[in-house]
>>> print(open('upload24.cif').read())   # mmCIF, C-alpha atoms and all ligand atoms
data_start
loop_
_atom_site.label_atom_id
_atom_site.label_comp_id
_atom_site.auth_asym_id
_atom_site.auth_seq_id
_atom_site.Cartn_x
_atom_site.Cartn_y
_atom_site.Cartn_z
CA PRO N 1278 0.00 0.00 0.00
CA ALA N 1279 1.06 3.56 -0.60
CA SER N 1280 2.66 5.20 2.35
CA PRO N 1281 1.67 8.86 2.50
CA ALA N 1282 4.31 9.45 5.14
CA SER N 1283 7.14 8.45 2.81
CA GLY N 1284 5.75 10.49 -0.04
CA THR N 1285 6.18 7.62 -2.52
CA ALA N 1286 3.40 5.68 -4.17
CA PRO N 1287 3.65 2.34 -5.97
CA PRO N 1288 3.96 2.70 -9.76
CA GLY N 1289 0.35 1.63 -10.33
CA ASP N 1290 -0.98 4.38 -8.10
CA GLN N 1291 1.25 6.93 -9.76
CA ALA N 1292 -0.05 5.93 -13.16
CA ARG N 1293 -3.61 6.28 -11.98
CA ALA N 1294 -2.79 9.65 -10.53
CA ARG N 1295 -1.39 10.95 -13.81
CA ALA N 1296 -3.38 13.40 -15.84
CA LYS N 1297 -4.88 11.83 -18.96
CA ILE N 1298 -3.33 13.85 -21.77
CA GLY N 1299 -4.25 12.70 -25.24
CA VAL N 1300 -1.45 14.44 -27.12
CA ARG N 1301 2.22 13.55 -27.06
CA THR N 1302 3.22 16.87 -25.56
CA LEU N 1303 1.76 20.20 -24.64
CA ARG N 1304 4.95 22.00 -25.51
CA THR N 1305 4.51 24.58 -28.25
CA ASP N 1306 8.17 25.59 -28.66
CA ARG N 1307 10.55 23.96 -31.15
CA TRP N 1308 11.57 21.13 -28.80
CA TRP N 1309 12.40 18.95 -31.83
CA LEU N 1310 15.14 21.27 -33.06
CA ALA N 1311 17.89 20.16 -30.64
CA PRO N 1312 17.44 16.40 -31.31
CA LEU N 1313 17.26 17.07 -35.05
CA LEU N 1314 20.49 19.10 -35.07
CA THR N 1315 22.14 16.41 -32.95
CA VAL N 1316 21.23 13.71 -35.48
CA LEU N 1317 22.46 15.81 -38.41
CA GLY N 1318 25.70 16.78 -36.67
CA LEU N 1319 26.59 13.27 -35.50
CA VAL N 1320 25.68 11.56 -38.79
CA ALA N 1321 27.67 14.10 -40.82
CA TRP N 1322 30.70 13.73 -38.56
CA LEU N 1323 30.55 9.93 -38.55
CA ALA N 1324 30.27 9.84 -42.35
CA TYR N 1325 33.38 12.01 -42.64
CA ALA N 1326 35.34 10.07 -39.99
CA VAL N 1327 34.55 6.65 -41.47
CA THR N 1328 35.45 7.82 -44.99
CA ARG N 1329 38.75 9.24 -43.82
CA SER N 1330 39.67 6.35 -41.54
CA PHE N 1331 39.37 3.86 -44.40
CA MET N 1332 40.89 6.08 -47.09
CA GLN N 1333 44.45 5.03 -46.15
CA ASP N 1334 45.89 8.04 -47.92
CA PHE N 1335 46.64 11.76 -47.37
CA TYR N 1336 47.28 11.34 -43.65
CA TRP N 1337 50.93 12.43 -43.53
CA VAL N 1338 52.81 15.50 -44.76
CA ALA N 1339 56.40 14.35 -45.24
CA ASP N 1340 57.94 17.85 -45.44
CA TYR N 1341 56.57 19.02 -42.09
CA HIS N 1342 55.83 15.71 -40.33
CA TYR N 1343 52.14 16.50 -39.91
CA LEU N 1344 50.17 13.40 -38.96
CA THR N 1345 46.39 13.55 -38.77
CA PRO N 1346 44.88 12.37 -35.46
CA PHE N 1347 42.68 9.94 -37.45
CA TYR N 1348 45.83 7.94 -38.25
CA SER N 1349 47.57 8.14 -34.92
CA PRO N 1350 49.32 6.04 -33.88
CA CYS N 1351 49.96 4.72 -37.39
CA VAL N 1352 50.58 1.04 -36.74
CA SER N 1353 49.84 -0.69 -40.06
CA ASN N 1354 52.39 -2.09 -42.46
CA GLY N 1355 50.83 0.29 -44.97
CA CYS N 1356 51.94 3.37 -42.97
CA VAL N 1357 54.77 5.50 -44.30
CA PRO N 1358 57.71 4.44 -42.07
CA GLU N 1359 58.37 8.05 -40.89
CA ALA N 1360 54.73 8.36 -39.79
CA ALA N 1361 54.83 5.16 -37.76
CA HIS N 1362 56.26 6.53 -34.52
CA PHE N 1363 55.36 3.37 -32.61
CA GLY N 1364 56.21 0.65 -35.12
CA ARG N 1365 54.18 -1.11 -37.83
CA VAL N 1366 52.58 -4.30 -36.64
CA LEU N 1367 49.18 -4.64 -38.32
CA PRO N 1368 48.57 -6.13 -41.79
CA ASP N 1369 47.89 -3.68 -44.59
CA VAL N 1370 44.36 -4.65 -45.60
CA TRP N 1371 41.63 -2.29 -46.79
CA TRP N 1372 39.21 -3.07 -43.96
CA LEU N 1373 41.67 -2.26 -41.17
CA PRO N 1374 42.23 1.46 -40.47
CA TYR N 1375 45.88 2.39 -40.04
CA ALA N 1376 45.09 3.58 -36.49
CA ALA N 1377 43.20 0.41 -35.58
CA PHE N 1378 44.74 0.37 -32.09
CA SER N 1379 43.34 3.73 -31.04
CA LEU N 1380 40.14 4.30 -33.03
CA PRO N 1381 38.03 1.59 -31.31
CA PHE N 1382 38.93 3.01 -27.88
CA LEU N 1383 38.19 6.55 -28.96
CA LEU N 1384 34.86 5.38 -30.35
CA LEU N 1385 34.10 3.59 -27.08
CA PHE N 1386 35.13 6.68 -25.12
CA ARG N 1387 32.72 8.93 -27.04
CA LEU N 1388 29.97 6.33 -27.30
CA THR N 1389 29.88 5.80 -23.54
CA CYS N 1390 30.46 9.48 -22.67
CA TYR N 1391 27.79 10.87 -20.34
CA TYR N 1392 27.05 13.74 -22.69
CA TYR N 1393 26.86 11.70 -25.90
CA ARG N 1394 24.63 9.19 -24.12
CA LYS N 1395 22.19 11.95 -23.37
CA ALA N 1396 22.52 13.22 -26.94
CA TYR N 1397 21.82 9.95 -28.72
CA TYR N 1398 19.28 8.62 -26.25
CA ARG N 1399 17.28 11.74 -26.95
CA SER N 1400 17.86 12.25 -30.64
CA PHE N 1401 18.17 8.72 -32.05
CA TRP N 1402 16.28 6.61 -29.52
CA LEU N 1403 13.79 9.36 -28.58
CA SER N 1404 13.86 8.26 -24.98
CA PRO N 1405 12.52 10.88 -24.45
CA PRO N 1406 13.19 13.30 -27.31
CA ALA N 1407 12.86 16.29 -24.96
CA CYS N 1408 11.63 17.24 -21.52
CA ALA N 1409 7.85 16.85 -21.18
CA VAL N 1410 7.56 15.02 -24.49
CA SER N 1411 6.45 11.42 -24.15
CA GLU N 1412 8.57 8.72 -25.69
CA PRO N 1413 7.37 6.03 -28.08
CA HIS N 1414 8.76 3.16 -26.01
CA ARG N 1415 6.56 1.30 -23.57
CA LYS N 1416 9.27 -0.24 -21.44
CA TYR N 1417 12.10 1.49 -19.66
CA THR N 1418 14.96 -0.43 -18.11
CA GLY N 1419 17.50 2.34 -18.09
CA GLU N 1420 21.08 1.14 -18.25
CA THR N 1421 20.52 -1.92 -16.09
CA ARG N 1422 20.65 -4.59 -18.80
CA PHE N 1423 22.74 -5.71 -21.75
CA PRO N 1424 23.83 -3.93 -23.91
CA LEU N 1425 23.45 -0.61 -22.08
CA ILE N 1426 25.00 -1.95 -18.90
CA GLY N 1427 28.21 -1.80 -20.94
CA GLN N 1428 28.09 1.99 -20.54
CA ASN N 1429 29.89 1.32 -17.26
CA LEU N 1430 33.02 0.67 -19.29
CA HIS N 1431 33.35 4.41 -19.71
CA ARG N 1432 35.90 4.81 -16.92
CA TYR N 1433 38.22 2.30 -18.64
CA ALA N 1434 37.78 4.00 -22.00
CA PHE N 1435 38.86 7.18 -20.21
CA TYR N 1436 42.24 5.64 -19.34
CA ALA N 1437 42.73 4.63 -22.98
CA ALA N 1438 41.73 8.09 -24.21
CA PHE N 1439 44.16 9.63 -21.75
CA LEU N 1440 47.03 7.59 -23.23
CA ILE N 1441 45.94 8.43 -26.77
CA SER N 1442 45.92 12.14 -25.88
CA ILE N 1443 49.55 11.75 -24.84
CA ILE N 1444 50.30 10.20 -28.23
CA ASN N 1445 48.48 13.04 -30.01
CA THR N 1446 50.56 15.51 -28.01
CA TRP N 1447 53.74 13.71 -29.07
CA ASP N 1448 52.61 13.91 -32.72
CA ALA N 1449 52.06 17.65 -32.36
CA ILE N 1450 55.55 18.12 -30.89
CA LEU N 1451 57.21 16.06 -33.64
CA ALA N 1452 55.44 18.21 -36.22
CA PHE N 1453 57.69 21.21 -35.48
CA HIS N 1454 59.79 20.13 -38.40
CA SER N 1455 61.21 21.90 -41.43
CA PRO N 1456 61.83 20.25 -44.84
CA GLY N 1457 65.58 20.76 -44.40
CA GLY N 1458 65.49 19.12 -40.95
CA GLY N 1459 65.48 20.99 -37.64
CA PHE N 1460 62.82 23.28 -36.25
CA GLY N 1461 59.95 24.45 -38.44
CA PHE N 1462 56.65 26.13 -37.72
CA GLY N 1463 53.57 26.72 -39.85
CA LEU N 1464 49.81 27.08 -39.75
CA GLY N 1465 49.56 23.29 -39.57
CA ASN N 1466 51.37 23.38 -36.22
CA VAL N 1467 48.92 25.93 -34.86
CA ILE N 1468 46.02 23.70 -35.92
CA LEU N 1469 47.58 20.49 -34.56
CA LEU N 1470 48.42 22.21 -31.29
CA ALA N 1471 44.99 23.79 -30.86
CA ASN N 1472 43.41 20.41 -31.51
CA VAL N 1473 45.57 18.74 -28.88
CA VAL N 1474 44.77 21.41 -26.27
CA LEU N 1475 41.05 20.98 -26.99
CA LEU N 1476 41.34 17.19 -26.84
CA TRP N 1477 42.96 17.49 -23.42
CA ALA N 1478 40.23 19.85 -22.28
CA TYR N 1479 37.55 17.38 -23.41
CA THR N 1480 39.34 14.34 -21.95
CA LEU N 1481 40.02 16.00 -18.59
CA SER N 1482 36.48 17.38 -18.38
CA CYS N 1483 35.16 13.78 -18.42
CA HIS N 1484 32.84 12.88 -15.55
CA SER N 1485 34.87 9.72 -14.86
CA CYS N 1486 38.04 11.81 -14.69
CA ARG N 1487 36.38 14.08 -12.15
CA HIS N 1488 35.51 11.09 -10.03
CA ILE N 1489 38.96 9.53 -10.40
CA VAL N 1490 40.59 12.81 -9.38
CA GLY N 1491 38.41 13.80 -6.44
CA GLY N 1492 35.75 11.17 -5.86
CA ARG N 1493 35.32 9.25 -2.60
CA LEU N 1494 37.29 11.82 -0.62
CA LYS N 1495 35.79 12.50 2.78
CA HIS N 1496 38.05 15.37 3.71
CA PHE N 1497 39.14 17.67 0.94
CA SER N 1498 41.27 19.56 3.47
CA LYS N 1499 43.44 16.47 3.94
CA HIS N 1500 44.04 16.13 0.20
CA PRO N 1501 44.87 19.65 -1.02
CA VAL N 1502 46.45 18.52 -4.29
CA ARG N 1503 43.54 16.32 -5.28
CA TYR N 1504 41.14 19.04 -4.20
CA ARG N 1505 42.83 21.56 -6.49
CA ALA N 1506 42.83 19.09 -9.36
CA TRP N 1507 39.17 18.28 -8.71
CA THR N 1508 38.30 22.01 -8.70
CA PHE N 1509 40.08 22.42 -12.04
CA VAL N 1510 38.37 19.37 -13.57
CA SER N 1511 35.01 20.50 -12.19
CA ARG N 1512 35.37 23.83 -13.97
CA LEU N 1513 36.12 22.07 -17.24
CA ASN N 1514 33.38 19.56 -16.57
CA ALA N 1515 30.76 22.33 -16.65
CA ARG N 1516 31.71 22.81 -20.32
CA HIS N 1517 31.73 19.12 -21.21
CA MET N 1518 28.95 19.29 -23.79
CA ALA N 1519 30.51 22.27 -25.55
CA LEU N 1520 33.91 20.54 -25.55
CA ALA N 1521 32.34 17.37 -26.95
CA TRP N 1522 31.14 19.30 -30.01
CA ILE N 1523 34.16 21.60 -30.31
CA THR N 1524 36.53 18.61 -30.40
CA LEU N 1525 34.47 16.92 -33.11
CA ALA N 1526 34.94 20.09 -35.13
CA SER N 1527 38.64 20.47 -34.28
CA LEU N 1528 39.35 16.84 -35.17
CA ALA N 1529 37.63 17.20 -38.54
CA ILE N 1530 39.34 20.55 -39.27
CA THR N 1531 42.78 19.17 -38.32
CA ASP N 1532 42.30 16.07 -40.41
CA PHE N 1533 41.01 18.07 -43.36
CA TYR N 1534 43.96 20.46 -43.22
CA VAL N 1535 46.50 17.61 -43.14
CA MET N 1536 44.65 15.89 -46.00
CA ALA N 1537 44.57 19.08 -48.08
CA VAL N 1538 48.28 19.83 -47.61
CA SER N 1539 49.20 16.19 -48.16
CA ALA N 1540 47.11 16.04 -51.36
CA GLU N 1541 48.64 19.39 -52.44
CA TRP N 1542 45.28 21.15 -52.73
CA PHE N 1543 47.07 24.06 -51.10
CA SER N 1544 50.39 24.50 -49.34
CA ASP N 1545 51.01 25.07 -45.67
CA LEU N 1546 51.43 28.65 -44.53
CA ARG N 1547 54.97 28.64 -43.12
CA PHE N 1548 56.27 31.01 -40.43
CA VAL N 1549 59.63 29.31 -39.81
CA GLY N 1550 61.39 26.69 -41.93
FE1 LIG N 1601 32.09 12.49 -21.53
FE2 LIG N 1601 33.68 10.98 -19.91
S1 LIG N 1601 31.73 11.80 -19.55
S2 LIG N 1601 34.08 11.78 -21.89
#
>>> encode(input="upload24.cif", output="structure tokens")
Amino acid sequence: PASPASGTAPPGDQARARAKIGVRTLRTDRWWLAPLLTVLGLVAWLAYAVTRSFMQDFYWVADYHYLTPFYSPCVSNGCVPEAAHFGRVLPDVWWLPYAAFSLPFLLLFRLTCYYYRKAYYRSFWLSPPACAVSEPHRKYTGETRFPLIGQNLHRYAFYAAFLISIINTWDAILAFHSPGGGFGFGLGNVILLANVVLLWAYTLSCHSCRHIVGGRLKHFSKHPVRYRAWTFVSRLNARHMALAWITLASLAITDFYVMAVSAEWFSDLRFVG
């Protein structure tokens, strides 16, 4: 029986108590716009990323040592030897991206990300498409069953993404290269560097990172270093959604720039070397 003192009623009672509204929603604003833009944005980005990951070309600029993040680390036998900073161990077959060691983890990282979960649950699965808009599904089991229980893997994907961010940083450092050898600096470096900074901001703003850094602490005063780190991550974390989209854009822009210079559609704007 319902217990008025506890303020909770069994589900059946709640359902009976609900207003009978015949329409799907009473909202009159454009609540469908956000899910629609999310679908368009994610589909467009995925189409680009899949095309580029399987292209197996235009990923490396030999003169300046620019390597696109979509091919990092380049671990296939098909990689140009100079671009393979960590060795070439995978067979060169068309169905295996050159960065087959990192891409699945990055995909898992984004797929299980708290923000992207919200984004695709709403926009693709319509569960629900917006606040105060009823969903088409009858049953709701949340993330308690297979396959969605796998979303718990996010914290492990974070560790992988952290390592991959270090590799991306290394790529950006190696790219300060001039055709004659030695230090060089061009617009490509600015783009690679900006992308790496943004990737770090997104990775460190992760909810799992915030928990790893400052979770389960009972006394912040006894852990001043972790408290400071947690404060920093918390500030980034407030911008997690924005960073999720900005890094999709920065990844695509960086990759496109490297592809364009590599394919000689235009040349890199050089400042030094
Ligand atoms: Fe989005 Fe971890 S919550 S990356």
>>> closest_residue(input="upload24.cif", among="N:Asp1532, N:Arg1512, N:Asn1466, N:Arg1432", to="ligand LIG 1601 (chain N)", atoms="all atoms listed in the file")
N:Arg1432
>>> residues_around(input="upload24.cif", residues="stretch 1346-1358 of chain N", least_positions_apart="5", cutoff="8 Å", atoms="only C-alpha atoms", output="list in words")
Ala1326, Arg1329, Ser1330, Tyr1336, Trp1337, Phe1363, Gly1364, Arg1365, Val1366, Leu1367, Pro1368, Asp1369, Pro1374, Tyr1375, Ala1376, Ala1377, Phe1378, Ser1379, Leu1380, Ile1444, Asn1445, Asp1448, Leu1528, Thr1531 and Asp1532 of chain N
>>> write_last_selection(input="upload24.cif", atoms="C-alpha atoms", output="short mmCIF file (atom, residue, chain, number, x, y, z; two decimals), in the coordinates of the input")
data_model
loop_
_atom_site.label_atom_id
_atom_site.label_comp_id
_atom_site.auth_asym_id
_atom_site.auth_seq_id
_atom_site.Cartn_x
_atom_site.Cartn_y
_atom_site.Cartn_z
CA ALA N 1326 35.34 10.07 -39.99
CA ARG N 1329 38.75 9.24 -43.82
CA SER N 1330 39.67 6.35 -41.54
CA TYR N 1336 47.28 11.34 -43.65
CA TRP N 1337 50.93 12.43 -43.53
CA PHE N 1363 55.36 3.37 -32.61
CA GLY N 1364 56.21 0.65 -35.12
CA ARG N 1365 54.18 -1.11 -37.83
CA VAL N 1366 52.58 -4.30 -36.64
CA LEU N 1367 49.18 -4.64 -38.32
CA PRO N 1368 48.57 -6.13 -41.79
CA ASP N 1369 47.89 -3.68 -44.59
CA PRO N 1374 42.23 1.46 -40.47
CA TYR N 1375 45.88 2.39 -40.04
CA ALA N 1376 45.09 3.58 -36.49
CA ALA N 1377 43.20 0.41 -35.58
CA PHE N 1378 44.74 0.37 -32.09
CA SER N 1379 43.34 3.73 -31.04
CA LEU N 1380 40.14 4.30 -33.03
CA ILE N 1444 50.30 10.20 -28.23
CA ASN N 1445 48.48 13.04 -30.01
CA ASP N 1448 52.61 13.91 -32.72
CA LEU N 1528 39.35 16.84 -35.17
CA THR N 1531 42.78 19.17 -38.32
CA ASP N 1532 42.30 16.07 -40.41
#
>>> residues_near_ligand(input="upload24.cif", ligand="ligand LIG 1601 (chain N)", cutoff="9 Å", atoms="all atoms listed in the file", output="MDAnalysis selection string")
chainID N and resid 1386:1394 1431:1432 1434:1435 1438 1479:1487 1514 1517:1518 1521
>>> atom_distance(input="upload24.cif", atom1="atom CA of N:Tyr1534", atom2="atom CA of N:Thr1315")
24.5 Å
>>> atom_distance(input="upload24.cif", atom1="atom CA of N:Gly1491", atom2="atom CA of N:Ser1511")
9.5 Å
>>> closest_atom_pairs(input="upload24.cif", of="stretch 1399-1439 of chain N", to="stretch 1298-1304 of chain N", cutoff="12 Å", atoms="only C-alpha atoms", output="tab-separated table")
residue	atom	partner	partner_atom	distance
N:Pro1405	CA	N:Arg1301	CA	11.0
N:Pro1406	CA	N:Thr1302	CA	10.7
N:Ala1407	CA	N:Thr1302	CA	9.7
N:Cys1408	CA	N:Arg1304	CA	9.1
N:Ala1409	CA	N:Thr1302	CA	6.4
N:Val1410	CA	N:Thr1302	CA	4.8
N:Ser1411	CA	N:Arg1301	CA	5.6
N:Glu1412	CA	N:Arg1301	CA	8.1
N:Pro1413	CA	N:Arg1301	CA	9.2
>>> residues_near_point(input="upload24.cif", point="(52.8, 21.0, -33.8)", cutoff="10 Å", atoms="only C-alpha atoms", output="CSV table (one decimal) with C-alpha atoms, in the coordinates of the input")
chain,number,residue,atom,x,y,z
N,1341,TYR,CA,56.6,19.0,-42.1
N,1342,HIS,CA,55.8,15.7,-40.3
N,1343,TYR,CA,52.1,16.5,-39.9
N,1344,LEU,CA,50.2,13.4,-39.0
N,1445,ASN,CA,48.5,13.0,-30.0
N,1446,THR,CA,50.6,15.5,-28.0
N,1447,TRP,CA,53.7,13.7,-29.1
N,1448,ASP,CA,52.6,13.9,-32.7
N,1449,ALA,CA,52.1,17.6,-32.4
N,1450,ILE,CA,55.6,18.1,-30.9
N,1451,LEU,CA,57.2,16.1,-33.6
N,1452,ALA,CA,55.4,18.2,-36.2
N,1453,PHE,CA,57.7,21.2,-35.5
N,1454,HIS,CA,59.8,20.1,-38.4
N,1461,GLY,CA,60.0,24.4,-38.4
N,1462,PHE,CA,56.6,26.1,-37.7
N,1463,GLY,CA,53.6,26.7,-39.8
N,1464,LEU,CA,49.8,27.1,-39.8
N,1465,GLY,CA,49.6,23.3,-39.6
N,1466,ASN,CA,51.4,23.4,-36.2
N,1467,VAL,CA,48.9,25.9,-34.9
N,1468,ILE,CA,46.0,23.7,-35.9
N,1469,LEU,CA,47.6,20.5,-34.6
N,1470,LEU,CA,48.4,22.2,-31.3
N,1471,ALA,CA,45.0,23.8,-30.9
N,1472,ASN,CA,43.4,20.4,-31.5
N,1473,VAL,CA,45.6,18.7,-28.9
>>> atom_distance(input="upload24.cif", atom1="atom CA of N:Tyr1504", atom2="atom CA of N:Ala1478")
18.1 Å
>>> residues_near_point(input="upload24.cif", point="(21.3, 14.8, -35.1)", cutoff="12 Å", atoms="all atoms listed in the file", output="VMD selection string")
chain N and resid 1309 to 1323 1393 1396 to 1403 1406 1522
>>> residues_around(input="upload24.cif", residues="N:Ala1339", least_positions_apart="5", cutoff="9 Å", atoms="all atoms listed in the file", output="list of chain:residue names")
N:Leu1344, N:Glu1359, N:Ala1360, N:Pro1456, N:Ser1539
>>> axis_aligned_box(input="upload24.cif", around="stretch 1494-1510 of chain N", padding_each_side="3 Å", output="JSON")
{"center_x": 41.1, "center_y": 17.1, "center_z": -4.8, "size_x": 16.7, "size_y": 16.6, "size_z": 23.5}
>>> closest_residue(input="upload24.cif", among="N:Ser1544, N:His1362, N:Ile1530, N:Trp1371", to="N:Gln1333", atoms="all atoms listed in the file")
N:Trp1371
>>> closest_residue(input="upload24.cif", among="N:Met1332, N:Ala1515, N:Val1338, N:Met1536", to="N:Val1370", atoms="all atoms listed in the file")
N:Met1332
>>> build_atoms(input="upload24.cif", residues="stretch 1386-1414 of chain N", atoms="N, CA and C atoms", output="PDB file, in the frame of the given file")
ATOM      1  N   PHE N1386      35.075   5.546 -26.045  1.00  0.00           N
ATOM      2  CA  PHE N1386      35.130   6.680 -25.120  1.00  0.00           C
ATOM      3  C   PHE N1386      33.977   7.653 -25.410  1.00  0.00           C
ATOM      4  N   ARG N1387      33.785   7.969 -26.682  1.00  0.00           N
ATOM      5  CA  ARG N1387      32.720   8.930 -27.040  1.00  0.00           C
ATOM      6  C   ARG N1387      31.340   8.289 -26.929  1.00  0.00           C
ATOM      7  N   LEU N1388      31.267   7.020 -27.308  1.00  0.00           N
ATOM      8  CA  LEU N1388      29.970   6.330 -27.300  1.00  0.00           C
ATOM      9  C   LEU N1388      29.415   6.188 -25.889  1.00  0.00           C
ATOM     10  N   THR N1389      30.321   6.004 -24.917  1.00  0.00           N
ATOM     11  CA  THR N1389      29.880   5.800 -23.540  1.00  0.00           C
ATOM     12  C   THR N1389      29.953   7.087 -22.719  1.00  0.00           C
ATOM     13  N   CYS N1390      30.356   8.175 -23.347  1.00  0.00           N
ATOM     14  CA  CYS N1390      30.460   9.480 -22.670  1.00  0.00           C
ATOM     15  C   CYS N1390      29.093   9.902 -22.146  1.00  0.00           C
ATOM     16  N   TYR N1391      29.068  10.483 -20.951  1.00  0.00           N
ATOM     17  CA  TYR N1391      27.790  10.870 -20.340  1.00  0.00           C
ATOM     18  C   TYR N1391      27.031  11.850 -21.230  1.00  0.00           C
ATOM     19  N   TYR N1392      27.768  12.786 -21.843  1.00  0.00           N
ATOM     20  CA  TYR N1392      27.050  13.740 -22.690  1.00  0.00           C
ATOM     21  C   TYR N1392      26.493  13.079 -23.947  1.00  0.00           C
ATOM     22  N   TYR N1393      27.349  12.309 -24.647  1.00  0.00           N
ATOM     23  CA  TYR N1393      26.860  11.700 -25.900  1.00  0.00           C
ATOM     24  C   TYR N1393      25.708  10.739 -25.635  1.00  0.00           C
ATOM     25  N   ARG N1394      25.739  10.080 -24.471  1.00  0.00           N
ATOM     26  CA  ARG N1394      24.630   9.190 -24.120  1.00  0.00           C
ATOM     27  C   ARG N1394      23.336   9.992 -24.106  1.00  0.00           C
ATOM     28  N   LYS N1395      23.380  11.100 -23.413  1.00  0.00           N
ATOM     29  CA  LYS N1395      22.190  11.950 -23.370  1.00  0.00           C
ATOM     30  C   LYS N1395      21.781  12.342 -24.797  1.00  0.00           C
ATOM     31  N   ALA N1396      22.798  12.723 -25.592  1.00  0.00           N
ATOM     32  CA  ALA N1396      22.520  13.220 -26.940  1.00  0.00           C
ATOM     33  C   ALA N1396      21.857  12.146 -27.799  1.00  0.00           C
ATOM     34  N   TYR N1397      22.435  10.931 -27.804  1.00  0.00           N
ATOM     35  CA  TYR N1397      21.820   9.950 -28.720  1.00  0.00           C
ATOM     36  C   TYR N1397      20.619   9.235 -28.126  1.00  0.00           C
ATOM     37  N   TYR N1398      20.520   9.162 -26.816  1.00  0.00           N
ATOM     38  CA  TYR N1398      19.280   8.620 -26.250  1.00  0.00           C
ATOM     39  C   TYR N1398      18.110   9.514 -26.654  1.00  0.00           C
ATOM     40  N   ARG N1399      18.362  10.807 -26.612  1.00  0.00           N
ATOM     41  CA  ARG N1399      17.280  11.740 -26.950  1.00  0.00           C
ATOM     42  C   ARG N1399      17.003  11.788 -28.440  1.00  0.00           C
ATOM     43  N   SER N1400      18.074  11.941 -29.228  1.00  0.00           N
ATOM     44  CA  SER N1400      17.860  12.250 -30.640  1.00  0.00           C
ATOM     45  C   SER N1400      17.642  11.013 -31.504  1.00  0.00           C
ATOM     46  N   PHE N1401      18.330   9.910 -31.215  1.00  0.00           N
ATOM     47  CA  PHE N1401      18.170   8.720 -32.050  1.00  0.00           C
ATOM     48  C   PHE N1401      17.117   7.772 -31.469  1.00  0.00           C
ATOM     49  N   TRP N1402      17.157   7.590 -30.168  1.00  0.00           N
ATOM     50  CA  TRP N1402      16.280   6.610 -29.520  1.00  0.00           C
ATOM     51  C   TRP N1402      14.994   7.264 -29.007  1.00  0.00           C
ATOM     52  N   LEU N1403      14.961   8.567 -28.991  1.00  0.00           N
ATOM     53  CA  LEU N1403      13.790   9.360 -28.580  1.00  0.00           C
ATOM     54  C   LEU N1403      13.292   8.976 -27.190  1.00  0.00           C
ATOM     55  N   SER N1404      14.241   8.799 -26.275  1.00  0.00           N
ATOM     56  CA  SER N1404      13.860   8.260 -24.980  1.00  0.00           C
ATOM     57  C   SER N1404      14.240   9.163 -23.825  1.00  0.00           C
ATOM     58  N   PRO N1405      13.526  10.239 -23.598  1.00  0.00           N
ATOM     59  CA  PRO N1405      12.520  10.880 -24.450  1.00  0.00           C
ATOM     60  C   PRO N1405      13.206  11.889 -25.340  1.00  0.00           C
ATOM     61  N   PRO N1406      12.541  12.354 -26.402  1.00  0.00           N
ATOM     62  CA  PRO N1406      13.190  13.300 -27.310  1.00  0.00           C
ATOM     63  C   PRO N1406      13.462  14.664 -26.668  1.00  0.00           C
ATOM     64  N   ALA N1407      12.648  15.018 -25.675  1.00  0.00           N
ATOM     65  CA  ALA N1407      12.860  16.290 -24.960  1.00  0.00           C
ATOM     66  C   ALA N1407      12.107  16.236 -23.647  1.00  0.00           C
ATOM     67  N   CYS N1408      12.363  17.190 -22.783  1.00  0.00           N
ATOM     68  CA  CYS N1408      11.630  17.240 -21.520  1.00  0.00           C
ATOM     69  C   CYS N1408      10.143  17.426 -21.813  1.00  0.00           C
ATOM     70  N   ALA N1409       9.304  16.723 -21.070  1.00  0.00           N
ATOM     71  CA  ALA N1409       7.850  16.850 -21.180  1.00  0.00           C
ATOM     72  C   ALA N1409       7.306  16.450 -22.545  1.00  0.00           C
ATOM     73  N   VAL N1410       8.062  15.590 -23.241  1.00  0.00           N
ATOM     74  CA  VAL N1410       7.560  15.020 -24.490  1.00  0.00           C
ATOM     75  C   VAL N1410       7.593  13.506 -24.309  1.00  0.00           C
ATOM     76  N   SER N1411       6.466  12.845 -24.456  1.00  0.00           N
ATOM     77  CA  SER N1411       6.450  11.420 -24.150  1.00  0.00           C
ATOM     78  C   SER N1411       7.211  10.632 -25.207  1.00  0.00           C
ATOM     79  N   GLU N1412       7.769   9.524 -24.771  1.00  0.00           N
ATOM     80  CA  GLU N1412       8.570   8.720 -25.690  1.00  0.00           C
ATOM     81  C   GLU N1412       7.722   7.597 -26.287  1.00  0.00           C
ATOM     82  N   PRO N1413       8.159   7.079 -27.446  1.00  0.00           N
ATOM     83  CA  PRO N1413       7.370   6.030 -28.080  1.00  0.00           C
ATOM     84  C   PRO N1413       7.511   4.656 -27.436  1.00  0.00           C
ATOM     85  N   HIS N1414       8.532   4.503 -26.560  1.00  0.00           N
ATOM     86  CA  HIS N1414       8.760   3.160 -26.010  1.00  0.00           C
ATOM     87  C   HIS N1414       7.862   2.894 -24.813  1.00  0.00           C
TER      88      HIS N1414
END
